[in-house]
Amino acid sequence: MGYRILKKQVLAPGIVSFEIEAPLIAKKAKAGQFFILRIHEKGERIPLTLVDWDRERGSITVVVLEAGKTTKMLARMEEGSEILDCVGPLGKATEIRYYGSVGCIGGGVGIACSLPVVKAMKEAGNRVTTIIGAKNSRLLILEEELRRWSDELHIATDDGSKGFHGLVHRLLQKLLEGGKRFDLVHAVGPVLMMKAVADVTRPYRIKTIVSLNPIMVDGTGMCGSCRVEVGGEMKFACVDGPEFDAHLVDFDLLLARNRRFLAQEQKALELFEHAQRA
């Protein structure tokens, strides 16, 4: 028995949302957690952040960026089709409590990953300021959903087509220089973006949490592929994370480890796209 796709929605070019029937995962899902899926018997296992869940409907929602072979295959699936495996929820949930003023930052598809954290932080009584960023306005996603749960929503685009002209960490810096204060900052997105956010908040001594995205295989701490260095200690993102103190993460090591299979990933993508054209 597979996991049926209940709803598919294209949010932006190359970014697709799926609602998947997975009652056992939906029953226990929490903000900050992820699950691992495998499309078919010979497919690779990929981790995806849980964006939303409906316990009564027994479904989970994920937002996928078409980047490699598997995500492109997934994006081509339609409502009613089935995914072979879905395992989760995995990882430790975000520490949700009252902090006071919380800044939630999402970059690219990380915008979607920020949504459950924004909702949970708001429900815990915090004042939530959300900052989202993308290359251009066409790639901004879930803006209205985030606006609904945020006390403030700030937008940054690389090309200046909407909101602040520049990267999200520059917008964060501008807000802090203007007197904005946060008791906690939570960031999720590309590694370089999270590293830049950590560099901005460090001088202000603002506790900053990032959700890491290392290469992952089994998701249960067995394979060791997702190991990251935090505070000089080796951690497994799948069971110790995926969220860590941003000021303790060795981002340079994470970047290097994430490049390990670039050649193989590119070859697999080229073969897949060639087969699609044939």
# chains A, B, ... in the order shown; residues from 1 in each chain; ligands from 1

$ residues_around --residues "range 134-142 of chain A" --least-positions-apart "2" --cutoff "7 Å" --atoms "only C-alpha atoms" --output "MDAnalysis selection string"
chainID A and resid 11:13 107:108 111:112 144:146 156:159 161:162

$ select_by_dssp --residues "range 65-102 of chain A" --states "alpha helix (DSSP H)" --output "compact mmCIF listing (two decimals) with N, CA, C and O atoms, in the first residue's frame"
# COMPACT_ATOMS: atom_id res chain seq x y z
N LYS A 69 17.04 14.72 -9.51
CA LYS A 69 16.23 13.72 -10.19
C LYS A 69 14.96 13.36 -9.42
O LYS A 69 13.86 13.37 -9.96
N THR A 70 15.11 13.06 -8.12
CA THR A 70 13.96 12.59 -7.34
C THR A 70 12.91 13.68 -7.17
O THR A 70 11.71 13.41 -7.28
N THR A 71 13.32 14.90 -6.88
CA THR A 71 12.34 15.97 -6.71
C THR A 71 11.65 16.31 -8.03
O THR A 71 10.47 16.66 -8.04
N LYS A 72 12.36 16.16 -9.14
CA LYS A 72 11.72 16.38 -10.44
C LYS A 72 10.72 15.27 -10.75
O LYS A 72 9.65 15.52 -11.31
N MET A 73 11.06 14.03 -10.38
CA MET A 73 10.12 12.92 -10.56
C MET A 73 8.88 13.14 -9.71
O MET A 73 7.74 12.93 -10.17
N LEU A 74 9.09 13.56 -8.47
CA LEU A 74 7.97 13.81 -7.57
C LEU A 74 7.07 14.91 -8.11
O LEU A 74 5.84 14.80 -8.08
N ALA A 75 7.68 15.97 -8.63
CA ALA A 75 6.90 17.10 -9.14
C ALA A 75 6.03 16.71 -10.33
O ALA A 75 5.04 17.39 -10.61

$ closest_atom_pairs --of "range 7-71 of chain A" --to "range 116-130 of chain A" --cutoff "9 Å" --atoms "only C-alpha atoms" --output "JSON lines"
{"residue": "A:Lys30", "atom": "CA", "partner": "A:Pro116", "partner_atom": "CA", "distance": 8.1}
{"residue": "A:Ala31", "atom": "CA", "partner": "A:Pro116", "partner_atom": "CA", "distance": 5.2}
{"residue": "A:Gly32", "atom": "CA", "partner": "A:Val117", "partner_atom": "CA", "distance": 6.7}
{"residue": "A:Leu50", "atom": "CA", "partner": "A:Pro116", "partner_atom": "CA", "distance": 8.1}
{"residue": "A:Val51", "atom": "CA", "partner": "A:Pro116", "partner_atom": "CA", "distance": 5.9}
{"residue": "A:Asp52", "atom": "CA", "partner": "A:Pro116", "partner_atom": "CA", "distance": 6.4}

$ write_last_selection --atoms "N, CA and C atoms" --output "mmCIF file, in the first residue's frame"
data_model
loop_
_atom_site.group_PDB
_atom_site.id
_atom_site.type_symbol
_atom_site.label_atom_id
_atom_site.label_comp_id
_atom_site.auth_asym_id
_atom_site.auth_seq_id
_atom_site.Cartn_x
_atom_site.Cartn_y
_atom_site.Cartn_z
ATOM 1 N N LYS A 30 5.003 17.502 14.465
ATOM 2 C CA LYS A 30 5.184 18.762 15.169
ATOM 3 C C LYS A 30 6.064 19.680 14.338
ATOM 4 N N ALA A 31 5.985 20.975 14.639
ATOM 5 C CA ALA A 31 6.784 21.967 13.918
ATOM 6 C C ALA A 31 8.269 21.639 14.019
ATOM 7 N N GLY A 32 8.950 21.737 12.881
ATOM 8 C CA GLY A 32 10.387 21.504 12.847
ATOM 9 C C GLY A 32 10.785 20.101 12.451
ATOM 10 N N LEU A 50 8.153 18.761 7.138
ATOM 11 C CA LEU A 50 6.698 18.789 7.245
ATOM 12 C C LEU A 50 6.242 20.242 7.320
ATOM 13 N N VAL A 51 5.439 20.648 6.361
ATOM 14 C CA VAL A 51 4.973 22.035 6.281
ATOM 15 C C VAL A 51 3.638 22.200 6.993
ATOM 16 N N ASP A 52 2.796 21.176 6.904
ATOM 17 C CA ASP A 52 1.488 21.223 7.569
ATOM 18 C C ASP A 52 0.980 19.797 7.716
#

$ atom_distance --atom1 "CA of Asp183 in chain A" --atom2 "CA of Tyr98 in chain A"
9.8 Å

$ closest_atom_pairs --of "range 147-235 of chain A" --to "range 251-268 of chain A" --cutoff "10 Å" --atoms "only C-alpha atoms" --output "CSV"
residue,atom,partner,partner_atom,distance
A:Pro190,CA,A:Leu255,CA,9.9
A:Val191,CA,A:Leu255,CA,7.0
A:Leu192,CA,A:Phe251,CA,7.9
A:Met194,CA,A:Phe251,CA,8.6
A:Lys195,CA,A:Phe251,CA,6.3
A:Ala196,CA,A:Phe251,CA,9.9
A:Ala198,CA,A:Phe251,CA,9.9
A:Leu212,CA,A:Leu254,CA,8.7
A:Asn213,CA,A:Asn258,CA,8.5
A:Pro214,CA,A:Asn258,CA,6.0
A:Ile215,CA,A:Asn258,CA,6.1
A:Met216,CA,A:Asn258,CA,9.8
A:Ser225,CA,A:Arg257,CA,9.0
A:Cys226,CA,A:Arg257,CA,8.8
A:Arg227,CA,A:Leu254,CA,8.6
A:Val228,CA,A:Leu254,CA,6.3
A:Glu229,CA,A:Leu253,CA,7.5
A:Val230,CA,A:Phe251,CA,9.2

$ write_last_selection --atoms "N, CA and C atoms" --output "JSON list (two decimals), in the first residue's frame"
[["chain", "number", "residue", "atom", "x", "y", "z"],
["A", 190, "PRO", "N", 18.71, 28.07, 2.41],
["A", 190, "PRO", "CA", 20.03, 27.64, 1.94],
["A", 190, "PRO", "C", 21.09, 27.81, 3.02],
["A", 191, "VAL", "N", 22.11, 26.96, 2.98],
["A", 191, "VAL", "CA", 23.15, 26.98, 4.01],
["A", 191, "VAL", "C", 23.82, 28.35, 4.11],
["A", 192, "LEU", "N", 24.15, 28.94, 2.98],
["A", 192, "LEU", "CA", 24.81, 30.24, 2.99],
["A", 192, "LEU", "C", 23.93, 31.32, 3.62],
["A", 194, "MET", "N", 21.62, 30.78, 6.00],
["A", 194, "MET", "CA", 21.59, 30.56, 7.45],
["A", 194, "MET", "C", 22.90, 31.01, 8.09],
["A", 195, "LYS", "N", 24.00, 30.76, 7.41],
["A", 195, "LYS", "CA", 25.31, 31.20, 7.91],
["A", 195, "LYS", "C", 25.34, 32.72, 8.02],
["A", 196, "ALA", "N", 24.81, 33.41, 7.01],
["A", 196, "ALA", "CA", 24.80, 34.87, 7.01],
["A", 196, "ALA", "C", 23.91, 35.42, 8.12],
["A", 198, "ALA", "N", 23.31, 33.94, 10.97],
["A", 198, "ALA", "CA", 24.06, 33.72, 12.22],
["A", 198, "ALA", "C", 25.12, 34.80, 12.42],
["A", 212, "LEU", "N", 19.10, 22.53, 9.77],
["A", 212, "LEU", "CA", 20.13, 22.12, 8.82],
["A", 212, "LEU", "C", 19.62, 21.08, 7.81],
["A", 213, "ASN", "N", 20.29, 21.07, 6.66],
["A", 213, "ASN", "CA", 19.85, 20.21, 5.56],
["A", 213, "ASN", "C", 20.99, 19.38, 4.98],
["A", 214, "PRO", "N", 21.70, 18.61, 5.82],
["A", 214, "PRO", "CA", 22.79, 17.78, 5.29],
["A", 214, "PRO", "C", 22.24, 16.60, 4.49],
["A", 215, "ILE", "N", 23.13, 15.97, 3.73],
["A", 215, "ILE", "CA", 22.74, 14.75, 3.01],
["A", 215, "ILE", "C", 22.32, 13.70, 4.03],
["A", 216, "MET", "N", 21.20, 13.04, 3.75],
["A", 216, "MET", "CA", 20.63, 12.09, 4.71],
["A", 216, "MET", "C", 20.19, 10.83, 3.97],
["A", 225, "SER", "N", 25.51, 9.63, 7.65],
["A", 225, "SER", "CA", 25.71, 10.52, 6.50],
["A", 225, "SER", "C", 25.41, 11.98, 6.83],
["A", 226, "CYS", "N", 24.50, 12.21, 7.77],
["A", 226, "CYS", "CA", 24.04, 13.57, 8.06],
["A", 226, "CYS", "C", 24.83, 14.24, 9.18],
["A", 227, "ARG", "N", 26.02, 13.72, 9.48],
["A", 227, "ARG", "CA", 26.73, 14.28, 10.62],
["A", 227, "ARG", "C", 27.17, 15.72, 10.36],
["A", 228, "VAL", "N", 27.05, 16.52, 11.38],
["A", 228, "VAL", "CA", 27.42, 17.92, 11.34],
["A", 228, "VAL", "C", 28.21, 18.24, 12.61],
["A", 229, "GLU", "N", 29.00, 19.28, 12.58],
["A", 229, "GLU", "CA", 29.78, 19.66, 13.74],
["A", 229, "GLU", "C", 29.14, 20.88, 14.41],
["A", 230, "VAL", "N", 28.79, 20.72, 15.67],
["A", 230, "VAL", "CA", 28.13, 21.78, 16.42],
["A", 230, "VAL", "C", 28.86, 21.97, 17.75]]

$ select_by_dssp --residues "range 46-239 of chain A" --states "strand (DSSP E or B)" --output "ChimeraX atom specification"
/A:46-49,52-54,59-65,82-83,85-90,101-107,127-134,152-157,164-165,184-188,208-211,227-230,233-236

$ closest_residue --among "A:Lys174, A:Lys28, A:Arg55, A:His186" --to "Glu95 in chain A" --atoms "only C-alpha atoms"
A:His186

$ atom_distance --atom1 "CA of Glu21 in chain A" --atom2 "CA of Thr94 in chain A"
23.4 Å

$ atom_distance --atom1 "CA of Lys42 in chain A" --atom2 "CA of Leu84 in chain A"
10.2 Å
